[in-house]
>>> print(open('data-v3.txt').read())   # compact mmCIF, C-alpha atoms and all ligand atoms
# COMPACT_ATOMS: atom_id res chain seq x y z
CA MET A 1079 0.00 0.00 0.00
CA THR A 1080 1.44 3.40 -0.89
CA THR A 1081 1.49 6.23 1.59
CA LYS A 1082 0.14 9.65 0.62
CA THR A 1083 2.93 12.18 0.03
CA ASP A 1084 0.94 14.79 -1.92
CA TRP A 1085 -0.72 16.57 1.00
CA THR A 1086 -1.63 20.18 0.26
CA ILE A 1087 -0.87 22.94 2.75
CA GLU A 1088 -4.64 23.57 2.97
CA GLU A 1089 -5.21 19.98 4.07
CA VAL A 1090 -2.55 20.39 6.76
CA ARG A 1091 -4.03 23.71 7.94
CA SER A 1092 -7.49 22.21 8.15
CA LEU A 1093 -6.20 19.36 10.34
CA PHE A 1094 -4.69 21.91 12.71
CA ALA A 1095 -8.02 23.79 12.74
CA ARG A 1096 -10.04 20.77 13.85
CA PRO A 1097 -11.61 20.65 17.32
CA PHE A 1098 -8.97 19.24 19.68
CA MET A 1099 -11.00 16.18 20.73
CA ASP A 1100 -11.92 15.27 17.13
CA LEU A 1101 -8.29 15.59 16.06
CA LEU A 1102 -7.07 13.35 18.89
CA LEU A 1103 -9.71 10.70 18.22
CA ASP A 1104 -8.79 10.59 14.52
CA ALA A 1105 -5.07 10.52 15.29
CA GLN A 1106 -5.50 7.58 17.68
CA GLN A 1107 -7.60 5.72 15.10
CA VAL A 1108 -4.99 6.27 12.39
CA HIS A 1109 -2.35 5.18 14.89
CA ARG A 1110 -4.12 1.88 15.62
CA ARG A 1111 -4.52 1.07 11.93
CA HIS A 1112 -0.76 1.16 11.43
CA HIS A 1113 0.93 0.40 14.75
CA ALA A 1114 0.56 -1.93 17.71
CA PRO A 1115 -1.33 0.00 20.39
CA ASN A 1116 0.31 0.69 23.75
CA THR A 1117 3.86 0.18 22.50
CA VAL A 1118 6.64 2.73 22.35
CA GLN A 1119 9.99 2.52 20.57
CA ILE A 1120 12.91 3.40 22.84
CA SER A 1121 16.08 5.20 21.71
CA THR A 1122 18.99 6.39 23.82
CA LEU A 1123 21.15 9.34 22.82
CA LEU A 1124 24.84 9.93 23.37
CA SER A 1125 26.80 13.04 22.45
CA ILE A 1126 29.98 11.61 20.92
CA LYS A 1127 31.46 15.04 20.16
CA THR A 1128 30.23 18.01 22.14
CA GLY A 1129 30.16 21.77 21.55
CA ALA A 1130 32.40 24.12 19.56
CA CYS A 1131 30.14 23.75 16.51
CA PRO A 1132 30.74 26.39 13.82
CA GLU A 1133 27.03 26.65 12.91
CA ASP A 1134 24.81 29.37 14.40
CA CYS A 1135 21.54 27.50 15.08
CA GLY A 1136 19.65 29.83 17.43
CA TYR A 1137 18.28 27.03 19.59
CA CYS A 1138 21.46 25.06 20.14
CA PRO A 1139 23.69 25.12 23.22
CA GLN A 1140 26.54 23.60 21.19
CA SER A 1141 27.14 26.50 18.80
CA VAL A 1142 30.53 28.17 19.29
CA ARG A 1143 28.73 31.48 18.76
CA HIS A 1144 26.59 31.22 21.90
CA ASP A 1145 28.03 31.52 25.39
CA THR A 1146 26.21 28.76 27.22
CA GLY A 1147 29.03 27.68 29.53
CA LEU A 1148 29.10 24.25 27.88
CA ALA A 1149 32.49 22.49 28.09
CA PRO A 1150 33.45 21.25 24.61
CA GLU A 1151 34.57 17.62 24.28
CA GLU A 1152 36.57 15.98 21.50
CA LEU A 1153 35.27 12.91 19.68
CA LEU A 1154 34.97 10.06 22.21
CA GLU A 1155 36.98 6.85 21.97
CA VAL A 1156 35.25 3.78 20.52
CA ASP A 1157 35.49 1.81 23.79
CA ALA A 1158 33.77 4.56 25.75
CA VAL A 1159 30.90 4.63 23.25
CA VAL A 1160 30.53 0.84 23.36
CA ALA A 1161 30.31 0.95 27.16
CA ARG A 1162 27.53 3.55 26.98
CA ALA A 1163 25.68 1.54 24.33
CA GLN A 1164 25.90 -1.55 26.55
CA ALA A 1165 24.41 0.40 29.46
CA ALA A 1166 21.61 1.71 27.21
CA ARG A 1167 20.81 -1.81 26.01
CA ASN A 1168 20.77 -3.12 29.57
CA ALA A 1169 18.37 -0.33 30.51
CA GLY A 1170 15.97 -1.42 27.73
CA ALA A 1171 16.82 0.77 24.72
CA THR A 1172 16.65 -0.89 21.30
CA ARG A 1173 18.24 1.95 19.32
CA PHE A 1174 21.41 3.89 20.11
CA CYS A 1175 21.77 7.35 18.58
CA MET A 1176 25.19 8.97 18.38
CA GLY A 1177 25.16 12.76 17.98
CA ALA A 1178 28.06 15.01 17.01
CA ALA A 1179 28.27 18.81 16.96
CA TYR A 1180 29.55 19.03 13.39
CA ARG A 1181 28.55 21.11 10.39
CA SER A 1182 29.68 18.00 8.50
CA PRO A 1183 32.09 15.21 9.49
CA LYS A 1184 35.80 15.39 8.60
CA PRO A 1185 37.27 12.24 6.94
CA LYS A 1186 39.44 11.29 9.96
CA ASP A 1187 36.53 11.66 12.39
CA LEU A 1188 34.21 9.74 10.09
CA ARG A 1189 36.56 6.73 10.21
CA LYS A 1190 36.31 6.66 13.99
CA VAL A 1191 32.52 7.12 13.93
CA ILE A 1192 32.29 4.22 11.48
CA ALA A 1193 34.18 2.02 13.98
CA MET A 1194 31.66 3.06 16.67
CA ILE A 1195 28.71 2.23 14.43
CA SER A 1196 30.05 -1.23 13.54
CA ALA A 1197 30.70 -2.02 17.21
CA VAL A 1198 27.24 -0.86 18.36
CA LYS A 1199 25.56 -2.74 15.52
CA GLN A 1200 27.36 -5.94 16.52
CA MET A 1201 25.80 -5.64 19.98
CA GLY A 1202 22.38 -6.16 18.40
CA LEU A 1203 21.24 -2.57 18.81
CA GLU A 1204 19.71 -0.54 16.00
CA THR A 1205 22.11 2.27 15.13
CA CYS A 1206 21.40 5.94 14.49
CA ALA A 1207 23.76 8.88 13.99
CA THR A 1208 23.43 12.61 13.53
CA LEU A 1209 26.61 14.22 12.22
CA GLY A 1210 25.41 17.18 10.15
CA MET A 1211 25.60 17.46 6.36
CA LEU A 1212 26.77 14.42 4.38
CA SER A 1213 28.07 13.89 0.87
CA ALA A 1214 26.78 10.95 -1.19
CA GLU A 1215 30.02 9.09 -0.54
CA GLN A 1216 29.86 9.63 3.23
CA ALA A 1217 26.25 8.42 3.30
CA ARG A 1218 27.28 5.23 1.46
CA GLU A 1219 30.17 4.66 3.88
CA LEU A 1220 27.86 5.00 6.88
CA LYS A 1221 25.35 2.60 5.36
CA ALA A 1222 28.13 0.08 4.67
CA ALA A 1223 29.25 0.35 8.31
CA GLY A 1224 25.81 -0.80 9.47
CA LEU A 1225 24.07 2.51 10.15
CA ASP A 1226 20.31 1.92 10.23
CA TYR A 1227 19.04 5.50 10.71
CA TYR A 1228 20.41 8.96 10.01
CA ASN A 1229 18.91 11.86 11.95
CA HIS A 1230 18.83 15.17 10.12
CA ASN A 1231 16.03 17.55 11.07
CA ILE A 1232 14.46 20.25 8.91
CA ASP A 1233 13.84 21.91 12.29
CA THR A 1234 11.14 24.41 11.22
CA SER A 1235 9.28 25.79 8.19
CA PRO A 1236 11.28 26.83 5.12
CA GLU A 1237 10.23 30.45 5.84
CA TYR A 1238 11.19 30.51 9.53
CA TYR A 1239 14.43 28.59 8.94
CA ARG A 1240 16.47 31.64 7.93
CA LYS A 1241 15.37 33.50 11.08
CA VAL A 1242 16.88 30.72 13.23
CA ILE A 1243 19.96 29.60 11.25
CA THR A 1244 22.06 31.62 8.80
CA THR A 1245 25.08 29.36 8.22
CA ARG A 1246 23.22 26.84 6.04
CA THR A 1247 19.94 26.70 4.17
CA PHE A 1248 16.79 24.64 4.30
CA GLU A 1249 17.79 23.28 0.86
CA ASP A 1250 21.13 22.09 2.29
CA ARG A 1251 19.11 19.98 4.73
CA LEU A 1252 17.02 18.51 1.91
CA ASP A 1253 20.19 17.68 -0.05
CA THR A 1254 21.58 15.58 2.82
CA LEU A 1255 18.23 13.87 3.31
CA ARG A 1256 18.30 12.91 -0.37
CA GLU A 1257 21.78 11.38 -0.02
CA VAL A 1258 20.70 9.43 3.08
CA ARG A 1259 17.70 7.97 1.23
CA ALA A 1260 19.80 7.22 -1.86
CA ALA A 1261 22.29 5.30 0.29
CA GLY A 1262 19.41 3.13 1.55
CA MET A 1263 19.37 4.27 5.18
CA HIS A 1264 16.22 4.98 7.16
CA VAL A 1265 15.56 8.67 7.66
CA CYS A 1266 14.93 10.23 11.07
CA CYS A 1267 13.74 13.76 10.39
CA GLY A 1268 11.57 16.18 12.32
CA GLY A 1269 11.84 19.56 13.95
CA ILE A 1270 11.49 21.81 16.96
CA VAL A 1271 8.41 23.71 18.12
CA GLY A 1272 8.30 26.52 20.67
CA MET A 1273 10.93 28.66 18.93
CA GLY A 1274 8.56 31.64 18.61
CA GLU A 1275 7.26 30.34 15.28
CA ALA A 1276 3.68 31.00 14.16
CA ALA A 1277 1.07 28.23 13.93
CA GLU A 1278 1.45 28.57 10.15
CA ASP A 1279 5.15 27.62 10.47
CA ARG A 1280 4.23 24.43 12.30
CA ALA A 1281 1.81 23.57 9.51
CA ALA A 1282 4.47 24.35 6.88
CA MET A 1283 7.06 22.24 8.72
CA LEU A 1284 4.79 19.19 8.85
CA HIS A 1285 3.76 19.79 5.24
CA ALA A 1286 7.44 19.76 4.20
CA LEU A 1287 8.01 16.49 6.09
CA ALA A 1288 4.88 14.78 4.79
CA THR A 1289 5.61 15.70 1.16
CA LEU A 1290 9.20 14.41 1.08
CA PRO A 1291 9.56 11.73 -1.62
CA GLU A 1292 9.21 9.16 1.18
CA HIS A 1293 7.99 9.82 4.72
CA PRO A 1294 10.82 9.76 7.26
CA GLN A 1295 10.62 6.43 9.11
CA SER A 1296 11.10 8.36 12.33
CA VAL A 1297 9.78 11.89 13.04
CA PRO A 1298 11.10 13.58 16.19
CA ILE A 1299 8.95 16.47 17.39
CA ASN A 1300 11.20 18.36 19.79
CA ARG A 1301 9.84 21.00 22.15
CA LEU A 1302 12.56 23.66 22.46
CA VAL A 1303 14.78 23.27 25.51
CA ARG A 1304 15.44 26.94 26.28
CA VAL A 1305 19.12 27.10 27.16
CA PRO A 1306 20.43 30.31 28.77
CA GLY A 1307 22.97 32.01 26.48
CA THR A 1308 21.25 30.90 23.25
CA PRO A 1309 19.34 33.51 21.21
CA LEU A 1310 16.12 31.58 21.85
CA ALA A 1311 16.56 31.36 25.64
CA ASP A 1312 13.52 33.58 26.17
CA ALA A 1313 11.28 32.27 23.39
CA PRO A 1314 7.64 32.16 24.50
CA PRO A 1315 6.75 28.59 25.48
CA ILE A 1316 4.33 26.85 23.14
CA ASP A 1317 0.84 26.13 24.53
CA PRO A 1318 1.05 22.45 25.57
CA PHE A 1319 -2.15 21.70 23.64
CA ASP A 1320 -0.57 23.11 20.48
CA TYR A 1321 2.32 20.70 21.04
CA VAL A 1322 -0.17 17.82 21.29
CA ARG A 1323 -1.92 19.09 18.13
CA THR A 1324 1.42 19.04 16.29
CA ILE A 1325 1.94 15.41 17.29
CA ALA A 1326 -1.61 14.47 16.24
CA VAL A 1327 -1.30 16.14 12.84
CA ALA A 1328 2.10 14.47 12.28
CA ARG A 1329 0.49 11.11 13.10
CA ILE A 1330 -2.33 11.63 10.58
CA LEU A 1331 -0.06 12.96 7.81
CA MET A 1332 2.62 10.26 8.24
CA PRO A 1333 0.60 7.26 9.45
CA ARG A 1334 3.35 4.64 9.24
CA SER A 1335 6.17 6.70 10.73
CA HIS A 1336 7.29 6.52 14.32
CA VAL A 1337 6.48 9.93 15.81
CA ARG A 1338 8.90 10.70 18.62
CA LEU A 1339 8.09 12.71 21.71
CA SER A 1340 11.62 14.13 21.80
CA ALA A 1341 13.47 16.97 23.56
CA GLY A 1342 11.46 18.86 26.17
CA ARG A 1343 10.02 15.90 28.10
CA ALA A 1344 11.81 16.98 31.29
CA GLU A 1345 9.50 20.00 31.40
CA MET A 1346 6.34 18.06 30.53
CA SER A 1347 3.94 16.66 33.10
CA ASP A 1348 3.13 12.96 33.00
CA GLU A 1349 -0.40 13.93 31.99
CA LEU A 1350 0.83 15.96 29.00
CA GLN A 1351 3.00 13.05 27.87
CA ALA A 1352 0.01 10.72 28.15
CA LEU A 1353 -1.95 13.06 25.86
CA CYS A 1354 0.96 12.96 23.38
CA PHE A 1355 0.85 9.14 23.35
CA LEU A 1356 -2.91 9.33 22.81
CA ALA A 1357 -2.25 11.71 19.90
CA GLY A 1358 -0.06 9.05 18.28
CA ALA A 1359 3.46 9.54 19.61
CA ASN A 1360 5.11 6.11 19.78
CA SER A 1361 8.77 6.72 20.41
CA ILE A 1362 10.87 8.48 23.06
CA PHE A 1363 14.44 9.27 24.02
CA TYR A 1364 15.18 7.33 27.18
CA GLY A 1365 18.07 8.07 29.51
CA GLU A 1366 18.95 10.88 31.86
CA LYS A 1367 20.54 13.10 29.23
CA LEU A 1368 19.62 14.08 25.69
CA LEU A 1369 22.85 15.42 24.13
CA THR A 1370 23.79 18.16 26.59
CA THR A 1371 20.54 18.84 28.44
CA GLY A 1372 18.45 16.82 30.88
CA ASN A 1373 15.77 14.20 30.23
CA PRO A 1374 13.48 12.49 32.77
CA ASP A 1375 15.27 9.91 34.89
CA CYS A 1376 14.87 6.27 33.89
CA ALA A 1377 13.03 5.22 37.05
CA HIS A 1378 10.45 7.95 36.44
CA ASP A 1379 9.95 6.85 32.82
CA ALA A 1380 9.70 3.18 33.83
CA ARG A 1381 6.99 4.12 36.35
CA LEU A 1382 5.18 6.24 33.73
CA PHE A 1383 5.17 3.29 31.32
CA GLU A 1384 3.79 1.08 34.09
CA ARG A 1385 1.06 3.59 35.00
CA LEU A 1386 0.01 3.94 31.35
CA ASN A 1387 0.38 0.20 30.57
CA LEU A 1388 2.87 1.03 27.83
CA LEU A 1389 5.32 -1.58 26.59
CA ALA A 1390 8.71 -1.13 24.96
CA GLU A 1391 8.57 -2.02 21.27
CA PRO A 1392 11.04 -4.80 20.44
CA ALA A 1393 13.60 -3.92 17.76
CA ALA A 1394 12.15 -6.69 15.57
CA ALA A 1395 8.67 -5.15 15.68
CA ALA A 1396 10.11 -1.83 14.57
CA ALA A 1397 11.76 -3.65 11.67
CA GLU A 1398 8.50 -5.38 10.74
CA SER A 1399 6.51 -2.17 10.72
CA LEU A 1400 9.18 -0.67 8.47
CA ALA A 1401 9.00 -3.66 6.13
CA ALA A 1402 5.22 -3.33 5.95
CA SER A 1403 5.56 0.32 4.99
CA ALA A 1404 8.08 -0.40 2.20
N1 LIG B 1 24.98 18.97 14.23
C1 LIG B 1 24.06 18.07 13.68
C2 LIG B 1 22.86 18.75 13.08
O1 LIG B 1 22.57 19.89 13.41
O2 LIG B 1 22.19 18.10 12.28
C3 LIG B 1 23.58 17.00 14.66
C4 LIG B 1 23.33 17.37 16.10
S1 LIG B 1 22.04 18.57 16.40
C5 LIG B 1 22.25 18.92 18.11
C6 LIG B 1 20.57 17.56 16.27
C7 LIG B 1 19.24 18.22 16.52
O3 LIG B 1 19.06 18.52 17.89
C8 LIG B 1 18.95 19.55 15.85
O4 LIG B 1 18.62 19.41 14.50
C9 LIG B 1 17.77 20.03 16.65
O5 LIG B 1 16.55 19.59 16.06
C10 LIG B 1 17.95 19.37 18.01
N2 LIG B 1 18.19 20.38 19.05
C11 LIG B 1 19.34 21.06 19.28
N3 LIG B 1 19.20 21.91 20.31
C12 LIG B 1 17.93 21.78 20.76
C13 LIG B 1 17.18 22.39 21.80
N4 LIG B 1 17.71 23.34 22.57
N5 LIG B 1 15.90 22.01 21.98
C14 LIG B 1 15.35 21.06 21.18
N6 LIG B 1 16.01 20.45 20.18
C15 LIG B 1 17.28 20.81 19.96
C1 LIG B 2 16.42 15.08 17.76
O1 LIG B 2 15.48 15.38 16.99
N1 LIG B 2 16.50 15.49 19.03
C2 LIG B 2 17.71 15.00 19.64
C3 LIG B 2 18.31 14.09 18.53
N2 LIG B 2 17.43 14.31 17.44
C4 LIG B 2 19.71 14.22 18.16
C5 LIG B 2 18.58 16.06 20.17
C6 LIG B 2 17.91 16.96 21.18
C7 LIG B 2 18.92 17.91 21.72
C8 LIG B 2 18.38 18.76 22.82
C9 LIG B 2 19.38 19.73 23.33
C10 LIG B 2 20.61 19.08 23.92
O2 LIG B 2 20.49 18.16 24.77
O3 LIG B 2 21.72 19.53 23.60
FE1 LIG B 3 25.87 22.57 15.42
FE2 LIG B 3 23.88 20.84 15.08
FE3 LIG B 3 23.90 22.52 17.19
FE4 LIG B 3 23.46 23.49 14.77
S1 LIG B 3 22.14 22.01 15.85
S2 LIG B 3 24.86 24.36 16.31
S3 LIG B 3 24.76 22.19 13.51
S4 LIG B 3 25.32 20.89 16.79
>>> encode(input="data-v3.txt", output="structure tokens")
Amino acid sequence: MTTKTDWTIEEVRSLFARPFMDLLLDAQQVHRRHHAPNTVQISTLLSIKTGACPEDCGYCPQSVRHDTGLAPEELLEVDAVVARAQAARNAGATRFCMGAAYRSPKPKDLRKVIAMISAVKQMGLETCATLGMLSAEQARELKAAGLDYYNHNIDTSPEYYRKVITTRTFEDRLDTLREVRAAGMHVCCGGIVGMGEAAEDRAAMLHALATLPEHPQSVPINRLVRVPGTPLADAPPIDPFDYVRTIAVARILMPRSHVRLSAGRAEMSDELQALCFLAGANSIFYGEKLLTTGNPDCAHDARLFERLNLLAEPAAAAAESLAASA
């Protein structure tokens, strides 16, 4: 069965305009047609190279241009990454995502990252990396090393993008996404809300994602973590219900994708997260840290899963749902 990729912006706007309860009911029904109910895919993040990034992304604590007090760290050693992946697997994660504060990876660093990917893959974990812009050749090398997913977010609408980042363009992001698809890797691509964008920008962001040649297999919807020292430190927080609406519309537009309740969970109540799961979110980042900022502690998340009768999705089930969507 093919998945609709020709959504019009009017269709997206009219989903956002629906009464909240109707939208949630529809999103949950779409969710149940395509995914096992009550199951959530679990990824753990690790920053393998931290800070001192030359890009000027207004939201990011790792940009060299913002004084956030973050201590930069060189690329980690392979053994250290393997130890962290082992701990993530023991804690119940099925996917391990390695993030680096690069504009794009340098050849020497890429060789080391490739060794990390092969080692993590051999442990039976799904692998994901986010390393900035890639050439076609780099994407092929990562695929050959065993990389399952590449995370590269469009972050916001094409129009709002240039107000948040000036050192690269929205089209640069699309170019890398094309290379990742061409290399045969799964795409993890979403964005951030709560950056002072208008409701129209959220509609345009989801429209851009849902009209890619293929829906990203994984769609992280981050709620901005407002880090002091970044230009967006004082951005007005998004209404929590508008965050839930964004999740619900993403679920309806991209029915087979995993929609991830991503950054920002540390500031969300358990009740708000439950509403997000009802709206069709079925993936989270698990572990006490995202890349440089905090995430709910594991015991709290385990208890939340218990209270909501949620189960961790086995890696195999994630693979099956991907195969069904192919
Ligand atoms: N440097 C690479 C890049 O930009 O693609 C990879 C790492 S970058 C930190 C990965 C993603 O983290 C960004 O695209 C953005 O969506 C997200 N991110 C960064 N800072 C954030 C923040 N303060 N709140 C929410 N999401 C954030
Ligand atoms: C994504 O969409 N969110 C993650 C992951 N992909 C790499 C990163 C969130 C970063 C939040 C800010 C920080 O911890 O530095
Ligand atoms: Fe660098 Fe990525 Fe942060 Fe932008 S989002 S400053 S590219 S680490």
>>> residues_around(input="data-v3.txt", residues="range 1232-1247 of chain A", least_positions_apart="4", cutoff="7 Å", atoms="all atoms listed in the file", output="ChimeraX atom specification")
/A:1133-1136,1251,1267-1270,1275,1279-1280,1282-1283
>>> closest_atom_pairs(input="data-v3.txt", of="chain A", to="ligand LIG 1 (chain B)", cutoff="6 Å", atoms="all atoms listed in the file", output="tab-separated table")
residue	atom	partner	partner_atom	distance
A:Tyr1137	CA	B:LIG1	N4	4.8
A:Cys1138	CA	B:LIG1	N3	3.9
A:Gly1177	CA	B:LIG1	C4	5.3
A:Ala1178	CA	B:LIG1	C4	5.4
A:Ala1179	CA	B:LIG1	N1	4.3
A:Tyr1180	CA	B:LIG1	N1	4.6
A:Arg1181	CA	B:LIG1	N1	5.7
A:Thr1208	CA	B:LIG1	C3	4.5
A:Leu1209	CA	B:LIG1	C3	4.8
A:Gly1210	CA	B:LIG1	C1	3.9
A:His1230	CA	B:LIG1	O2	5.0
A:Asn1231	CA	B:LIG1	O4	4.7
A:Asp1233	CA	B:LIG1	O5	5.2
A:Gly1269	CA	B:LIG1	O5	5.2
A:Ile1270	CA	B:LIG1	O5	5.6
A:Asn1300	CA	B:LIG1	C14	5.1
A:Arg1301	CA	B:LIG1	C14	5.6
A:Leu1302	CA	B:LIG1	N5	3.8
A:Val1303	CA	B:LIG1	N5	3.9
A:Arg1304	CA	B:LIG1	N4	5.6
A:Ala1341	CA	B:LIG1	C14	5.1
>>> write_last_selection(input="data-v3.txt", atoms="C-alpha atoms", output="PDB file, in the coordinates of the input")
ATOM      1  CA  TYR A1137      18.280  27.030  19.590  1.00  0.00           C
ATOM      2  CA  CYS A1138      21.460  25.060  20.140  1.00  0.00           C
ATOM      3  CA  GLY A1177      25.160  12.760  17.980  1.00  0.00           C
ATOM      4  CA  ALA A1178      28.060  15.010  17.010  1.00  0.00           C
ATOM      5  CA  ALA A1179      28.270  18.810  16.960  1.00  0.00           C
ATOM      6  CA  TYR A1180      29.550  19.030  13.390  1.00  0.00           C
ATOM      7  CA  ARG A1181      28.550  21.110  10.390  1.00  0.00           C
ATOM      8  CA  THR A1208      23.430  12.610  13.530  1.00  0.00           C
ATOM      9  CA  LEU A1209      26.610  14.220  12.220  1.00  0.00           C
ATOM     10  CA  GLY A1210      25.410  17.180  10.150  1.00  0.00           C
ATOM     11  CA  HIS A1230      18.830  15.170  10.120  1.00  0.00           C
ATOM     12  CA  ASN A1231      16.030  17.550  11.070  1.00  0.00           C
ATOM     13  CA  ASP A1233      13.840  21.910  12.290  1.00  0.00           C
ATOM     14  CA  GLY A1269      11.840  19.560  13.950  1.00  0.00           C
ATOM     15  CA  ILE A1270      11.490  21.810  16.960  1.00  0.00           C
ATOM     16  CA  ASN A1300      11.200  18.360  19.790  1.00  0.00           C
ATOM     17  CA  ARG A1301       9.840  21.000  22.150  1.00  0.00           C
ATOM     18  CA  LEU A1302      12.560  23.660  22.460  1.00  0.00           C
ATOM     19  CA  VAL A1303      14.780  23.270  25.510  1.00  0.00           C
ATOM     20  CA  ARG A1304      15.440  26.940  26.280  1.00  0.00           C
ATOM     21  CA  ALA A1341      13.470  16.970  23.560  1.00  0.00           C
TER      22      ALA A1341
END
>>> residues_around(input="data-v3.txt", residues="Pro1294 in chain A", least_positions_apart="6", cutoff="8 Å", atoms="all atoms listed in the file", output="VMD selection string")
chain A and resid 1264 to 1267 1287 1335
>>> atom_distance(input="data-v3.txt", atom1="CA of Ala1393 in chain A", atom2="CA of Cys1175 in chain A")
13.9 Å
>>> residues_around(input="data-v3.txt", residues="Val1258 in chain A", least_positions_apart="4", cutoff="7 Å", atoms="all atoms listed in the file", output="VMD selection string")
chain A and resid 1217 1228 1254 1262 to 1263 1265
>>> residues_around(input="data-v3.txt", residues="Met1176 in chain A", least_positions_apart="4", cutoff="10 Å", atoms="only C-alpha atoms", output="PyMOL selection string")
chain A and resi 1122-1127+1159+1163+1191+1194-1195+1205-1209+1228-1229+1369
>>> closest_residue(input="data-v3.txt", among="A:His1285, A:Arg1091, A:Lys1082, A:His1293", to="Val1337 in chain A", atoms="only C-alpha atoms")
A:His1293
>>> atom_distance(input="data-v3.txt", atom1="CA of Phe1094 in chain A", atom2="CA of Ile1316 in chain A")
14.6 Å
>>> closest_residue(input="data-v3.txt", among="A:Pro1139, A:Pro1374, A:Gly1307, A:Pro1314", to="ligand LIG 2 (chain B)", atoms="all atoms listed in the file")
A:Pro1139
>>> atom_distance(input="data-v3.txt", atom1="CA of Ala1193 in chain A", atom2="CA of Glu1155 in chain A")
9.7 Å
>>> residues_near_point(input="data-v3.txt", point="(-2.5, 5.7, 10.4)", cutoff="9 Å", atoms="all atoms listed in the file", output="PyMOL selection string")
chain A and resi 1104-1113+1329-1335+1358
>>> axis_aligned_box(input="data-v3.txt", around="range 1225-1240 of chain A", padding_each_side="6 Å", output="AutoDock Vina command-line options")
--center_x 16.7 --center_y 16.8 --center_z 8.7 --size_x 26.8 --size_y 41.7 --size_z 19.2
>>> closest_residue(input="data-v3.txt", among="A:Thr1083, A:Gln1140, A:Gln1295, A:Thr1308", to="ligand LIG 2 (chain B)", atoms="all atoms listed in the file")
A:Gln1140
>>> closest_residue(input="data-v3.txt", among="A:Gly1170, A:Glu1345, A:Thr1370, A:Val1156", to="Ala1390 in chain A", atoms="only C-alpha atoms")
A:Gly1170
>>> closest_residue(input="data-v3.txt", among="A:Ala1380, A:Ala1222, A:Leu1188, A:Leu1252", to="Ala1286 in chain A", atoms="all atoms listed in the file")
A:Leu1252
>>> closest_residue(input="data-v3.txt", among="A:Leu1220, A:Leu1310, A:Leu1284, A:Met1211", to="ligand LIG 3 (chain B)", atoms="only C-alpha atoms and all ligand atoms")
A:Met1211
>>> residues_around(input="data-v3.txt", residues="Asp1375 in chain A", least_positions_apart="3", cutoff="10 Å", atoms="all atoms listed in the file", output="PyMOL selection string")
chain A and resi 1344+1364-1367+1372+1378-1380
